[in-house]
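Text of the file target.pdb, holding PDB, C-alpha atoms:
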MODEL        1
ATOM      1  CA  MET A  36     -89.998 -72.232  41.046
ATOM      2  CA  GLY A  37     -86.501 -71.820  42.422
ATOM      3  CA  VAL A  38     -85.871 -71.164  46.128
ATOM      4  CA  ILE A  39     -82.560 -70.403  47.893
ATOM      5  CA  VAL A  40     -82.215 -72.514  51.057
ATOM      6  CA  LYS A  41     -79.918 -70.910  53.691
ATOM      7  CA  PHE A  42     -78.435 -73.035  56.498
ATOM      8  CA  PRO A  43     -77.434 -71.766  59.958
ATOM      9  CA  ASP A  44     -73.708 -71.939  59.076
ATOM     10  CA  GLY A  45     -74.210 -69.693  56.021
ATOM     11  CA  ARG A  46     -74.281 -72.387  53.333
ATOM     12  CA  GLN A  47     -76.810 -72.036  50.508
ATOM     13  CA  GLU A  48     -78.526 -74.508  48.184
ATOM     14  CA  GLU A  49     -81.002 -73.956  45.378
ATOM     15  CA  LYS A  50     -84.137 -76.124  45.480
ATOM     16  CA  ASN A  51     -87.150 -76.326  43.186
ATOM     17  CA  CYS A  52     -90.447 -75.764  44.998
ATOM     18  CA  VAL A  53     -93.168 -78.253  43.971
ATOM     19  CA  SER A  54     -95.857 -76.775  46.254
ATOM     20  CA  MET A  55     -96.265 -74.618  49.351
ATOM     21  CA  TYR A  56     -99.161 -74.307  51.816
ATOM     22  CA  HIS A  57    -100.307 -72.131  54.718
ATOM     23  CA  VAL A  58    -102.605 -74.019  57.112
ATOM     24  CA  VAL A  59    -105.335 -72.422  59.197
ATOM     25  CA  ASN A  60    -103.359 -73.028  62.417
ATOM     26  CA  GLY A  61    -100.533 -70.816  61.115
ATOM     27  CA  THR A  62     -98.122 -73.565  60.054
ATOM     28  CA  ASP A  63     -96.329 -73.371  56.668
ATOM     29  CA  TYR A  64     -95.394 -76.436  54.624
ATOM     30  CA  ILE A  65     -93.157 -76.606  51.552
ATOM     31  CA  VAL A  66     -92.464 -79.520  49.178
ATOM     32  CA  PHE A  67     -89.073 -79.638  47.423
ATOM     33  CA  GLU A  68     -88.172 -81.573  44.283
ATOM     34  CA  THR A  69     -85.302 -84.080  44.465
ATOM     35  CA  ASP A  70     -83.491 -86.188  41.881
ATOM     36  CA  LYS A  71     -84.161 -89.441  43.776
ATOM     37  CA  LYS A  72     -86.524 -92.267  42.857
ATOM     38  CA  GLU A  73     -87.684 -95.418  44.640
ATOM     39  CA  ASN A  74     -89.341 -98.203  42.645
ATOM     40  CA  GLU A  75     -90.461 -95.695  39.967
ATOM     41  CA  ASN A  76     -91.847 -93.456  42.744
ATOM     42  CA  LYS A  77     -90.821 -89.810  42.938
ATOM     43  CA  ILE A  78     -88.948 -88.838  46.108
ATOM     44  CA  VAL A  79     -89.735 -85.342  47.431
ATOM     45  CA  GLY A  80     -88.484 -83.460  50.473
ATOM     46  CA  VAL A  81     -91.057 -82.024  52.890
ATOM     47  CA  SER A  82     -90.306 -79.243  55.392
ATOM     48  CA  TYR A  83     -92.487 -77.278  57.794
ATOM     49  CA  LYS A  84     -92.355 -74.092  59.879
ATOM     50  CA  PRO A  85     -94.583 -73.972  62.994
ATOM     51  CA  GLN A  86     -96.461 -70.861  63.968
ATOM     52  CA  ASN A  87     -94.243 -68.041  65.304
ATOM     53  CA  ALA A  88     -91.101 -69.942  64.204
ATOM     54  CA  SER A  89     -88.456 -68.499  61.881
ATOM     55  CA  LEU A  90     -86.788 -71.653  60.511
ATOM     56  CA  PHE A  91     -88.139 -74.496  58.378
ATOM     57  CA  THR A  92     -87.298 -77.889  59.856
ATOM     58  CA  ASN A  93     -87.849 -81.641  59.513
ATOM     59  CA  PRO A  94     -91.389 -82.733  60.513
ATOM     60  CA  ILE A  95     -91.081 -85.755  62.836
ATOM     61  CA  ASN A  96     -93.460 -87.296  65.344
ATOM     62  CA  THR A  97     -92.907 -86.872  69.072
ATOM     63  CA  ASP A  98     -95.011 -87.617  72.112
ATOM     64  CA  THR A  99     -96.239 -84.018  72.240
ATOM     65  CA  ASP A 100     -96.116 -82.988  68.571
ATOM     66  CA  LYS A 101     -97.500 -85.141  65.742
ATOM     67  CA  ALA A 102     -95.890 -82.997  63.050
ATOM     68  CA  TRP A 103     -95.401 -85.740  60.454
ATOM     69  CA  ASP A 104     -99.019 -86.939  60.643
ATOM     70  CA  ALA A 105    -100.208 -83.341  60.131
ATOM     71  CA  THR A 106     -97.853 -82.953  57.157
ATOM     72  CA  LYS A 107     -99.132 -86.092  55.448
ATOM     73  CA  LYS A 108    -102.724 -84.928  55.964
ATOM     74  CA  VAL A 109    -102.032 -81.681  54.089
ATOM     75  CA  LEU A 110    -100.549 -83.565  51.118
ATOM     76  CA  VAL A 111    -103.430 -86.061  51.015
ATOM     77  CA  ASP A 112    -105.985 -83.230  51.123
ATOM     78  CA  ASP A 113    -104.226 -81.489  48.215
ATOM     79  CA  ILE A 114    -104.160 -84.652  46.092
ATOM     80  CA  HIS A 115    -107.895 -85.202  46.652
ATOM     81  CA  ASP A 116    -108.834 -81.497  46.272
ATOM     82  CA  ARG A 117    -109.864 -81.039  49.900
ATOM     83  CA  LYS A 118    -108.644 -77.469  50.293
ATOM     84  CA  ASP A 119    -110.754 -76.207  53.196
ATOM     85  CA  GLU A 120    -107.934 -76.121  55.760
ATOM     86  CA  PHE A 121    -105.070 -74.610  53.729
ATOM     87  CA  VAL A 122    -104.253 -72.112  50.999
ATOM     88  CA  TYR A 123    -101.426 -72.028  48.473
ATOM     89  CA  VAL A 124     -98.716 -69.431  48.992
ATOM     90  CA  LYS A 125     -95.690 -68.296  46.995
ATOM     91  CA  PRO A 126     -92.343 -68.856  48.736
ATOM     92  CA  SER A 127     -89.914 -66.013  49.196
ATOM     93  CA  GLU A 128     -86.677 -66.075  47.219
ATOM     94  CA  GLU A 129     -84.730 -67.140  50.334
ATOM     95  CA  ILE A 130     -85.862 -69.275  53.269
ATOM     96  CA  LEU A 131     -83.998 -70.090  56.499
ATOM     97  CA  VAL A 132     -83.766 -73.756  57.493
ATOM     98  CA  THR A 133     -82.263 -75.939  60.210
ATOM     99  CA  GLU A 134     -79.428 -78.347  59.455
ATOM    100  CA  ASN A 135     -81.892 -81.247  59.119
ATOM    101  CA  PHE A 136     -84.831 -79.591  57.383
ATOM    102  CA  MET A 137     -86.281 -82.213  54.981
ATOM    103  CA  HIS A 138     -88.237 -85.415  55.486
ATOM    104  CA  GLU A 139     -88.064 -87.549  52.335
ATOM    105  CA  LEU A 140     -91.326 -89.010  51.031
ATOM    106  CA  ALA A 141     -92.035 -91.340  48.085
ATOM    107  CA  LEU A 142     -94.996 -90.326  45.885
ATOM    108  CA  ARG A 143     -96.545 -92.121  42.966
ATOM    109  CA  GLU A 144     -96.065 -90.400  39.648
ATOM    110  CA  ALA A 145     -99.779 -89.524  39.377
ATOM    111  CA  ASN A 146     -99.880 -88.014  42.863
ATOM    112  CA  TYR A 147     -96.696 -86.029  42.224
ATOM    113  CA  LYS A 148     -98.132 -84.606  38.981
ATOM    114  CA  LYS A 149    -101.378 -83.759  40.805
ATOM    115  CA  LEU A 150     -99.513 -81.698  43.414
ATOM    116  CA  GLU A 151     -97.470 -79.985  40.705
ATOM    117  CA  GLU A 152    -100.467 -79.169  38.472
ATOM    118  CA  ASN A 153    -102.509 -77.763  41.377
ATOM    119  CA  TYR A 154     -99.692 -75.440  42.408
ATOM    120  CA  GLN A 155     -98.872 -74.368  38.838
ATOM    121  CA  GLY A 156    -102.553 -73.507  38.342
ATOM    122  CA  PHE A 157    -102.382 -71.317  41.446
ATOM    123  CA  LEU A 158     -99.246 -69.522  40.193
ATOM    124  CA  LYS A 159    -100.840 -68.921  36.784
ATOM    125  CA  ALA A 160    -103.984 -67.492  38.384
ATOM    126  CA  GLU A 161    -101.848 -65.168  40.535
ATOM    127  CA  GLU A 162    -100.032 -63.863  37.451
ATOM    128  CA  GLU A 163    -103.327 -63.204  35.676
ATOM    129  CA  LYS A 164    -104.685 -61.349  38.717
ATOM    130  CA  GLN A 165    -101.642 -59.096  38.706
ATOM    131  CA  SER A 166    -102.040 -58.376  34.994
ATOM    132  CA  VAL A 167    -105.717 -57.483  35.525
ATOM    133  CA  ALA A 168    -104.882 -55.302  38.524
ATOM    134  CA  ASN A 169    -102.339 -53.272  36.470
ATOM    135  CA  PRO A 170    -103.919 -52.550  33.038
ATOM    136  CA  PHE A 171    -102.282 -50.367  30.428
ATOM    137  CA  GLU A 172    -102.721 -46.695  31.170
ATOM    138  CA  GLN A 173    -104.386 -45.877  27.852
ATOM    139  CA  PRO A 174    -107.934 -44.468  27.885
ATOM    140  CA  ILE A 175    -110.423 -46.349  25.770
ATOM    141  CA  PRO A 176    -111.896 -43.914  23.211
ATOM    142  CA  GLU A 177    -115.637 -43.565  23.006
ATOM    143  CA  PRO A 178    -117.239 -45.131  19.887
ATOM    144  CA  GLU A 179    -118.673 -41.784  18.734
ATOM    145  CA  ALA A 180    -115.289 -40.111  18.987
ATOM    146  CA  ILE A 181    -113.691 -42.922  17.007
ATOM    147  CA  GLN A 182    -116.285 -42.636  14.209
ATOM    148  CA  ALA A 183    -115.954 -38.868  14.064
ATOM    149  CA  SER A 184    -112.185 -39.081  13.879
ATOM    150  CA  GLU A 185    -112.419 -41.592  11.041
ATOM    151  CA  ALA A 186    -114.850 -39.567   8.933
ATOM    152  CA  PRO A 187    -113.309 -38.661   5.574
ATOM    153  CA  MET A 188    -111.862 -35.189   5.603
ATOM    154  CA  PRO A 189    -111.615 -32.998   2.482
ATOM    155  CA  GLU A 190    -108.202 -32.447   1.078
ATOM    156  CA  ALA A 191    -106.524 -29.330   2.324
ATOM    157  CA  ALA A 192    -106.410 -26.543  -0.259
ATOM    158  CA  PRO A 193    -103.067 -24.999  -1.184
ATOM    159  CA  SER A 194    -102.059 -21.926   0.709
ATOM    160  CA  THR A 195    -102.254 -19.813  -2.474
ATOM    161  CA  ILE A 196    -106.007 -20.092  -3.101
ATOM    162  CA  PRO A 197    -107.195 -17.177  -5.289
ATOM    163  CA  GLU A 198    -110.208 -15.124  -4.417
ATOM    164  CA  PRO A 199    -113.495 -16.833  -5.387
ATOM    165  CA  VAL A 200    -115.135 -15.704  -8.609
ATOM    166  CA  PRO A 201    -118.817 -14.716  -8.451
ATOM    167  CA  VAL A 202    -121.082 -17.583  -9.398
ATOM    168  CA  ALA A 203    -123.139 -15.623 -11.933
ATOM    169  CA  GLU A 204    -120.105 -14.757 -14.099
ATOM    170  CA  ILE A 205    -118.968 -18.363 -14.664
ATOM    171  CA  SER A 206    -120.451 -20.753 -17.157
ATOM    172  CA  PRO A 207    -120.807 -24.124 -15.498
ATOM    173  CA  VAL A 208    -119.021 -26.445 -17.877
ATOM    174  CA  PHE A 209    -117.476 -29.760 -16.793
ATOM    175  CA  PRO A 210    -115.835 -32.341 -19.004
ATOM    176  CA  ALA A 211    -118.009 -35.248 -19.827
ATOM    177  CA  ASP A 212    -115.624 -37.754 -18.311
ATOM    178  CA  ALA A 213    -115.103 -35.863 -15.077
ATOM    179  CA  PRO A 214    -115.274 -38.105 -12.004
ATOM    180  CA  SER A 215    -118.275 -37.843  -9.791
ATOM    181  CA  ILE A 216    -117.854 -36.046  -6.506
ATOM    182  CA  ASP A 217    -118.465 -38.190  -3.406
ATOM    183  CA  THR A 218    -119.887 -36.045  -0.711
ATOM    184  CA  PRO A 219    -118.617 -36.571   2.812
ATOM    185  CA  LYS A 220    -120.701 -38.204   5.481
ATOM    186  CA  GLU A 221    -123.591 -36.267   6.932
ATOM    187  CA  GLY A 222    -122.586 -34.772  10.221
ATOM    188  CA  SER A 223    -118.983 -33.949   9.175
ATOM    189  CA  THR A 224    -117.523 -31.055  11.117
ATOM    190  CA  GLU A 225    -116.212 -29.334   7.960
ATOM    191  CA  LEU A 226    -119.424 -29.513   5.764
ATOM    192  CA  ALA A 227    -122.345 -29.362   8.180
ATOM    193  CA  ASN A 228    -124.661 -27.138   6.089
ATOM    194  CA  GLU A 229    -126.069 -29.006   3.074
ATOM    195  CA  LYS A 230    -127.709 -25.901   1.623
ATOM    196  CA  ALA A 231    -124.405 -24.055   1.636
ATOM    197  CA  VAL A 232    -122.839 -26.951  -0.199
ATOM    198  CA  LYS A 233    -125.559 -26.886  -2.898
ATOM    199  CA  ASP A 234    -125.681 -23.130  -3.497
ATOM    200  CA  ASN A 235    -122.172 -21.856  -2.884
ATOM    201  CA  ILE A 236    -119.624 -24.054  -4.604
ATOM    202  CA  ILE A 237    -116.240 -22.380  -4.947
ATOM    203  CA  ASN A 238    -114.309 -23.413  -8.019
ATOM    204  CA  PHE A 239    -110.634 -23.174  -8.555
ATOM    205  CA  PRO A 240    -109.299 -21.327 -11.608
ATOM    206  CA  GLY A 241    -110.010 -23.181 -14.835
ATOM    207  CA  VAL A 242    -112.891 -25.185 -13.324
ATOM    208  CA  GLU A 243    -116.423 -24.028 -13.960
ATOM    209  CA  LYS A 244    -119.366 -24.456 -11.619
ATOM    210  CA  VAL A 245    -121.803 -27.273 -12.260
ATOM    211  CA  ASN A 246    -125.452 -26.266 -12.011
ATOM    212  CA  THR A 247    -126.606 -29.825 -11.562
ATOM    213  CA  PRO A 248    -128.415 -30.065  -8.249
ATOM    214  CA  LEU A 249    -126.318 -31.794  -5.658
ATOM    215  CA  ASP A 250    -128.260 -34.438  -3.783
ATOM    216  CA  VAL A 251    -126.393 -35.295  -0.682
ATOM    217  CA  ASN A 252    -128.706 -38.184   0.104
ATOM    218  CA  SER A 253    -128.329 -39.798  -3.330
ATOM    219  CA  GLN A 254    -125.692 -42.128  -1.961
ATOM    220  CA  ASN A 255    -125.761 -44.056   1.261
ATOM    221  CA  ILE A 256    -122.367 -43.645   2.796
ATOM    222  CA  GLU A 257    -121.654 -46.651   4.932
ATOM    223  CA  PRO A 258    -119.773 -45.763   8.083
ATOM    224  CA  GLN A 259    -116.323 -47.204   8.187
ATOM    225  CA  PRO A 260    -115.878 -49.864  10.870
ATOM    226  CA  SER A 261    -113.778 -48.736  13.782
ATOM    227  CA  THR A 262    -110.621 -50.785  13.894
ATOM    228  CA  GLU A 263    -109.635 -49.647  17.329
ATOM    229  CA  ASN A 264    -113.144 -50.298  18.666
ATOM    230  CA  GLU A 265    -113.066 -53.798  17.231
ATOM    231  CA  LYS A 266    -109.751 -54.398  18.913
ATOM    232  CA  VAL A 267    -111.193 -53.270  22.205
ATOM    233  CA  GLN A 268    -114.429 -55.246  21.879
ATOM    234  CA  ASP A 269    -112.859 -58.381  20.440
ATOM    235  CA  THR A 270    -110.331 -58.709  23.219
ATOM    236  CA  PRO A 271    -111.104 -62.072  24.805
ATOM    237  CA  ALA A 272    -111.873 -62.107  28.488
ATOM    238  CA  VAL A 273    -109.154 -63.538  30.637
ATOM    239  CA  GLU A 274    -110.132 -66.734  32.359
ATOM    240  CA  THR A 275    -108.452 -67.096  35.732
ATOM    241  CA  THR A 276    -109.638 -70.572  36.520
ATOM    242  CA  GLY A 277    -106.984 -73.156  35.680
ATOM    243  CA  VAL A 278    -108.060 -76.542  34.365
ATOM    244  CA  VAL A 279    -107.033 -79.285  36.735
ATOM    245  CA  GLU A 280    -107.332 -82.921  35.851
ATOM    246  CA  GLU A 281    -109.738 -84.849  38.006
ATOM    247  CA  ALA A 282    -108.129 -86.979  40.649
ATOM    248  CA  PRO A 283    -108.251 -90.752  40.130
ATOM    249  CA  SER A 284    -111.525 -92.356  41.152
ATOM    250  CA  ALA A 285    -109.833 -94.811  43.463
ATOM    251  CA  LEU A 286    -108.766 -93.030  46.633
ATOM    252  CA  GLU A 287    -105.052 -93.506  46.904
ATOM    253  CA  SER A 288    -103.821 -92.559  50.339
ATOM    254  CA  ILE A 289    -100.161 -91.961  50.976
ATOM    255  CA  GLU A 290    -100.333 -94.184  54.037
ATOM    256  CA  GLN A 291    -101.103 -97.198  51.790
ATOM    257  CA  LYS A 292     -97.919 -96.882  49.793
ATOM    258  CA  PRO A 293     -95.283 -99.557  50.394
ATOM    259  CA  SER A 294     -92.571 -96.938  50.677
ATOM    260  CA  ILE A 295     -94.274 -95.173  53.593
ATOM    261  CA  VAL A 296     -94.890 -98.471  55.407
ATOM    262  CA  SER A 297     -91.254 -99.416  54.962
ATOM    263  CA  GLN A 298     -90.184 -96.039  56.246
ATOM    264  CA  SER A 299     -92.446 -96.433  59.290
ATOM    265  CA  TYR A 300     -90.871 -99.826  60.023
ATOM    266  CA  MET A 301     -87.411 -98.303  59.740
ATOM    267  CA  GLU A 302     -88.312 -95.502  62.150
ATOM    268  CA  THR A 303     -89.720 -98.020  64.682
ATOM    269  CA  ALA A 304     -86.585-100.162  64.357
ATOM    270  CA  ASN A 305     -84.380 -97.130  64.934
ATOM    271  CA  GLN A 306     -86.340 -96.251  68.071
ATOM    272  CA  LEU A 307     -85.963 -99.824  69.402
ATOM    273  CA  ILE A 308     -82.249 -99.770  68.632
ATOM    274  CA  ASN A 309     -81.867 -96.499  70.533
ATOM    275  CA  GLN A 310     -83.737 -97.930  73.526
ATOM    276  CA  VAL A 311     -81.591-101.104  73.522
ATOM    277  CA  ARG A 312     -78.473 -98.954  73.216
ATOM    278  CA  GLU A 313     -79.481 -96.898  76.260
ATOM    279  CA  VAL A 314     -80.175-100.019  78.352
ATOM    280  CA  THR A 315     -76.917-101.602  77.216
ATOM    281  CA  ASP A 316     -74.913 -98.487  78.075
ATOM    282  CA  LYS A 317     -76.407 -98.420  81.577
ATOM    283  CA  TYR A 318     -75.675-102.167  82.041
ATOM    284  CA  ILE A 319     -72.072-101.765  80.905
ATOM    285  CA  LYS A 320     -71.603 -98.786  83.228
ATOM    286  CA  ASN A 321     -72.943-100.790  86.186
ATOM    287  CA  MET A 322     -70.687-103.749  85.309
ATOM    288  CA  GLU A 323     -67.646-101.466  85.165
ATOM    289  CA  GLU A 324     -68.492-100.026  88.581
ATOM    290  CA  MET A 325     -68.923-103.556  89.963
ATOM    291  CA  LYS A 326     -65.601-104.589  88.424
ATOM    292  CA  ASN A 327     -63.835-101.661  90.023
ATOM    293  CA  GLU A 328     -65.423-102.424  93.400
ATOM    294  CA  ILE A 329     -64.410-106.111  93.169
ATOM    295  CA  GLY A 330     -60.877-105.029  92.283
ATOM    296  CA  ARG A 331     -60.697-102.808  95.340
ATOM    297  CA  GLN A 332     -61.998-105.606  97.566
ATOM    298  CA  LEU A 333     -59.503-108.112  96.110
ATOM    299  CA  GLU A 334     -56.662-105.662  96.692
ATOM    300  CA  GLU A 335     -57.721-105.213 100.312
ATOM    301  CA  ALA A 336     -57.995-108.998 100.736
ATOM    302  CA  ARG A 337     -54.514-109.438  99.287
ATOM    303  CA  LYS A 338     -53.103-106.887 101.706
ATOM    304  CA  ILE A 339     -54.905-108.539 104.620
ATOM    305  CA  ASN A 340     -53.553-111.907 103.507
ATOM    306  CA  ASP A 341     -49.999-110.547 103.296
ATOM    307  CA  LEU A 342     -50.374-108.985 106.738
ATOM    308  CA  ALA A 343     -51.718-112.216 108.176
ATOM    309  CA  LYS A 344     -48.902-114.217 106.625
ATOM    310  CA  GLN A 345     -46.346-111.756 107.950
ATOM    311  CA  THR A 346     -47.907-111.964 111.405
ATOM    312  CA  PHE A 347     -47.896-115.731 111.267
ATOM    313  CA  ASP A 348     -44.237-115.804 110.258
ATOM    314  CA  ASN A 349     -43.317-113.467 113.087
ATOM    315  CA  ALA A 350     -45.224-115.618 115.514
ATOM    316  CA  GLN A 351     -43.396-118.717 114.274
ATOM    317  CA  LYS A 352     -40.085-117.023 114.751
ATOM    318  CA  ILE A 353     -40.975-115.975 118.269
ATOM    319  CA  MET A 354     -42.180-119.451 119.145
ATOM    320  CA  SER A 355     -39.073-121.025 117.683
ATOM    321  CA  SER A 356     -36.768-118.768 119.644
ATOM    322  CA  GLN A 357     -38.646-119.457 122.872
ATOM    323  CA  ASN A 358     -38.419-123.221 122.322
ATOM    324  CA  GLN A 359     -34.677-123.075 121.746
ATOM    325  CA  GLU A 360     -34.133-121.126 125.023
ATOM    326  CA  SER A 361     -36.252-123.665 126.930
ATOM    327  CA  ILE A 362     -34.219-126.545 125.527
ATOM    328  CA  LYS A 363     -30.981-124.863 126.585
ATOM    329  CA  ARG A 364     -32.290-124.400 130.105
ATOM    330  CA  ASP A 365     -33.329-128.013 130.324
ATOM    331  CA  LEU A 366     -29.927-129.191 129.109
ATOM    332  CA  THR A 367     -28.204-126.964 131.621
ATOM    333  CA  LYS A 368     -30.258-128.416 134.488
ATOM    334  CA  ALA A 369     -29.502-131.925 133.385
ATOM    335  CA  ALA A 370     -25.819-131.323 133.329
TER     336      ALA A 370
ENDMDL
END
Would you mind writing the file out in structure tokens?
Amino acid sequence: MGVIVKFPDGRQEEKNCVSMYHVVNGTDYIVFETDKKENENKIVGVSYKPQNASLFTNPINTDTDKAWDATKKVLVDDIHDRKDEFVYVKPSEEILVTENFMHELALREANYKKLEENYQGFLKAEEEKQSVANPFEQPIPEPEAIQASEAPMPEAAPSTIPEPVPVAEISPVFPADAPSIDTPKEGSTELANEKAVKDNIINFPGVEKVNTPLDVNSQNIEPQPSTENEKVQDTPAVETTGVVEEAPSALESIEQKPSIVSQSYMETANQLINQVREVTDKYIKNMEEMKNEIGRQLEEARKINDLAKQTFDNAQKIMSSQNQESIKRDLTKAA
């Protein structure tokens, strides 16, 4: 069934829900369909919402929260019909998610169909429960009322029926080929008194009374079957239990799939890369600080060297000037 996924920045995507669970600890899990495949395996997206949280997010393992292991356990239990720790639930039309809300997982075709069939059976059972909870508001007629309503009624006489003629003054003559009169069923509301039917027969003008005794019981009138009653009784009972194919005899755990092992290796490699990157960044930072310190020391040494050289040159000049004055004095004395 379709679900609208809403991101924190307001974006929306439509995803097809393969299955959804509510675990006894209060966590919700939802499995989304994707159009990806890996080595003929179906790729699905799994998301979870912890208890008291408002957003679905990506289940990953941390030192304090083994969310991904718990997620895989729910899927494995569903595939092998171990449903003691979760129940199926119907997702709302819109769910709120984080930016990274799905963890992709490769499932074998049989396991994917098992998850889908289990959840579809749950949805079908829910629809049947709703139809049973809201029956049509039409009262079911009682069988006796149905039979009484279907009893044959005599034809209504015209509104211009003449006054009945006394029985003694009419000669009972009927044509030889006159059709026999079928009496209505015993118990009819219009002809309840058999004696009155035998003795007081009212004829229309032109029709003479027949003196032949009328035996109501001469014919066995079979009651007409009640069509509406048959419809009510023949309505098949609704079976709410969906037929689910038995899981394969060989236990196939998701952890044994090559795709999950490869994914675990990739996650471990990423963690090692991150650790090496952190150590390398610290080493480079220390080397840069050492380089800057060496540069400062070299600059100070250069300045000291320049100062020493300048001092030495000044000393040489002073010594040279003193020597020249001494030589002049000596020459003067000699002269």
Revision key, fill the gap. The distance between CA of Asp113 in chain A and CA of Leu150 in chain A is 6.7 Å
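Going from CA of Tyr123 in chain A to CA of Asn146 in chain A covers 17.0 Å.
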Practice item. For a cut-off of 12 Å around (-79.9, -79.6, 59.6), file coordinates, pick out all residues using all atoms listed in the file and list them as a PyMOL selection string. Key: chain A and resi 40-46+82+90-94+131-138
Practice item. Can you pull out every residue within 9 Å of range 99-107 of chain A, counting only C-alpha atoms, but drop anything in the same chain fewer than 3 positions away, and send it as an MDAnalysis selection string? Key: chainID A and resid 64 81:83 93:96 110:112 138 289:290
Selection file, C-alpha atoms, as a compact mmCIF listing (two decimals), keeping the file's coordinate frame:
# COMPACT_ATOMS: atom_id res chain seq x y z
CA TYR A 64 -95.39 -76.44 54.62
CA VAL A 81 -91.06 -82.02 52.89
CA SER A 82 -90.31 -79.24 55.39
CA TYR A 83 -92.49 -77.28 57.79
CA ASN A 93 -87.85 -81.64 59.51
CA PRO A 94 -91.39 -82.73 60.51
CA ILE A 95 -91.08 -85.76 62.84
CA ASN A 96 -93.46 -87.30 65.34
CA LEU A 110 -100.55 -83.56 51.12
CA VAL A 111 -103.43 -86.06 51.02
CA ASP A 112 -105.98 -83.23 51.12
CA HIS A 138 -88.24 -85.42 55.49
CA ILE A 289 -100.16 -91.96 50.98
CA GLU A 290 -100.33 -94.18 54.04
Exercise for review: Between CA of Phe347 in chain A and CA of Gly330 in chain A, measure the distance and give it in Å to one decimal.
Suggested key: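 Rounded to one decimal, the two atoms are 25.4 Å apart.
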Residues around (-104.6, -79.1, 55.7), cut-off 7 Å, counting only C-alpha atoms - what are they as a CSV table (one decimal) with C-alpha atoms, in the coordinates of the input?
chain,number,residue,atom,x,y,z
A,58,VAL,CA,-102.6,-74.0,57.1
A,108,LYS,CA,-102.7,-84.9,56.0
A,109,VAL,CA,-102.0,-81.7,54.1
A,112,ASP,CA,-106.0,-83.2,51.1
A,118,LYS,CA,-108.6,-77.5,50.3
A,120,GLU,CA,-107.9,-76.1,55.8
A,121,PHE,CA,-105.1,-74.6,53.7
Point to revise | Close residues, Asn74 in chain A itself excluded, 12 Å, only C-alpha atoms, min 3 positions apart in chain, as a list in words | key: Lys71, Lys77, Ile78, Ala141, Leu142, Arg143, Glu144, Lys292, Pro293 and Ser294 of chain A
May I have the residues from that selection written out with C-alpha atoms, as a PDB file, in the coordinates of the input?
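And here is the file that came out, out_31.pdb:
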ATOM      1  CA  LYS A  71     -84.161 -89.441  43.776  1.00  0.00           C
ATOM      2  CA  LYS A  77     -90.821 -89.810  42.938  1.00  0.00           C
ATOM      3  CA  ILE A  78     -88.948 -88.838  46.108  1.00  0.00           C
ATOM      4  CA  ALA A 141     -92.035 -91.340  48.085  1.00  0.00           C
ATOM      5  CA  LEU A 142     -94.996 -90.326  45.885  1.00  0.00           C
ATOM      6  CA  ARG A 143     -96.545 -92.121  42.966  1.00  0.00           C
ATOM      7  CA  GLU A 144     -96.065 -90.400  39.648  1.00  0.00           C
ATOM      8  CA  LYS A 292     -97.919 -96.882  49.793  1.00  0.00           C
ATOM      9  CA  PRO A 293     -95.283 -99.557  50.394  1.00  0.00           C
ATOM     10  CA  SER A 294     -92.571 -96.938  50.677  1.00  0.00           C
TER      11      SER A 294
END
Exercise for review: Expand the PyMOL selection byres ((chain A and resi 50) around 6) into the individual residues it matches in the shown file, reporting them as a ChimeraX atom specification.
Suggested key: /A:37-38,49,51
